[in-house]
Amino acid sequence: QWYQRRVRDFSKITGNVNPEAPVHSTRIRVGRSIDGFGLSPGITKEQRVGVENLFKTASANFKDELAGTYYPLTGMEEEVRQQLVDDHFLFVSGDRNLTAAGMERDWPEGRGIFHNTDKTFLVWVNEEDQLRIIPWKRVETC
């Protein structure tokens with residue numbers, strides 16, 4: 001497989017981050033689809049709600065550094081929405097490519113955001129992917 005053949009020689013990375021332009025945060029996104037549920041362009045409303053319910057059940061069992069809160073977009077209070085915007089966590093509707101692909105049907109039903117208490121681990125539910133898993137590291141250098 002390609003990833004098993006990949007060379008990971010970090011000694012080849014030279015140079016340094018310009019101290020005048022420091023890195024403030026880093027995140028890696030991983031999309032995940034769940035067997036038995038339709039992919040985003042063809043998922044039904046019932047399947048989307050099923051993915052959301054499956055994730056809510058799973059995330060309620062997260063322990064220690066992964067423990068946190070799931071925020072469904074349906075019925076979200078304005079104060080919560082604004083905090084998620086301020087944290088740069090919230091995804092929103094209106095992307096014309098997602099709309100054209102049929103991925104915004106039944107908005108916001110069956111969609112939501114989870115983050116752990118430390119806000120270093122996020123999961124977007126039914127945005128583009130069924131689950132988008134995002135470990136996040138904020139670097140406070142300023």
# chains A, B, ... in the order shown; residues from 1 in each chain; ligands from 1
>>> closest_atom_pairs(of="region 34-76 of chain A", to="region 107-123 of chain A", cutoff="9 Å", atoms="only C-alpha atoms", output="tab-separated table")
residue	atom	partner	partner_atom	distance
A:Lys45	CA	A:Gly110	CA	7.3
A:Glu46	CA	A:Gly110	CA	8.4
A:Gln47	CA	A:Gly110	CA	8.6
A:Arg48	CA	A:Gly110	CA	5.3
A:Val49	CA	A:Gly110	CA	4.3
A:Gly50	CA	A:Gly110	CA	7.8
A:Val51	CA	A:Gly110	CA	7.6
A:Glu52	CA	A:Gly110	CA	5.5
A:Asn53	CA	A:Gly110	CA	8.2
A:Lys56	CA	A:Phe114	CA	8.8
A:Ser59	CA	A:Phe114	CA	8.0
A:Phe62	CA	A:Asn116	CA	8.9
A:Glu65	CA	A:Asn116	CA	7.0
A:Leu66	CA	A:Asn116	CA	5.3
A:Ala67	CA	A:Asn116	CA	5.2
A:Gly68	CA	A:Asn116	CA	3.7
A:Thr69	CA	A:Phe114	CA	5.6
A:Tyr70	CA	A:Phe114	CA	4.2
A:Tyr71	CA	A:Ile113	CA	5.2
A:Pro72	CA	A:Gly112	CA	4.1
A:Leu73	CA	A:Gly112	CA	4.9
A:Thr74	CA	A:Pro108	CA	5.6
A:Gly75	CA	A:Pro108	CA	9.0
>>> closest_residue(among="A:Leu54, A:Lys63, A:Gly42, A:Trp124", to="Leu84 (chain A)", atoms="only C-alpha atoms")
A:Trp124
>>> select_by_dssp(residues="region 17-142 of chain A", states="helix (DSSP H, G or I)", output="PyMOL selection string")
chain A and resi 45-59+64-66+78-86+96-100
>>> select_by_dssp(residues="region 42-76 of chain A", states="strand (DSSP E or B)", output="PDB file with N, CA, C and O atoms, in the first residue's frame")
ATOM      1  N   GLY A  68     -16.906  15.590  26.277  1.00  0.00           N
ATOM      2  CA  GLY A  68     -17.342  16.924  25.896  1.00  0.00           C
ATOM      3  C   GLY A  68     -18.836  16.992  25.661  1.00  0.00           C
ATOM      4  O   GLY A  68     -19.599  16.227  26.245  1.00  0.00           O
ATOM      5  N   THR A  69     -19.247  17.881  24.761  1.00  0.00           N
ATOM      6  CA  THR A  69     -20.658  18.161  24.533  1.00  0.00           C
ATOM      7  C   THR A  69     -20.968  18.107  23.048  1.00  0.00           C
ATOM      8  O   THR A  69     -20.197  18.606  22.224  1.00  0.00           O
ATOM      9  N   TYR A  70     -22.135  17.536  22.720  1.00  0.00           N
ATOM     10  CA  TYR A  70     -22.647  17.543  21.345  1.00  0.00           C
ATOM     11  C   TYR A  70     -23.677  18.656  21.226  1.00  0.00           C
ATOM     12  O   TYR A  70     -24.572  18.781  22.070  1.00  0.00           O
ATOM     13  N   TYR A  71     -23.550  19.472  20.172  1.00  0.00           N
ATOM     14  CA  TYR A  71     -24.452  20.591  19.929  1.00  0.00           C
ATOM     15  C   TYR A  71     -25.202  20.348  18.619  1.00  0.00           C
ATOM     16  O   TYR A  71     -24.631  20.539  17.535  1.00  0.00           O
ATOM     17  N   PRO A  72     -26.467  19.937  18.673  1.00  0.00           N
ATOM     18  CA  PRO A  72     -27.233  19.773  17.430  1.00  0.00           C
ATOM     19  C   PRO A  72     -27.529  21.136  16.814  1.00  0.00           C
ATOM     20  O   PRO A  72     -27.802  22.097  17.538  1.00  0.00           O
TER      21      PRO A  72
END
>>> atom_distance(atom1="CA of Arg81 (chain A)", atom2="CA of Arg32 (chain A)")
24.3 Å
>>> closest_residue(among="A:Ala58, A:Val125, A:Met103, A:Leu131", to="Ile43 (chain A)", atoms="only C-alpha atoms")
A:Met103
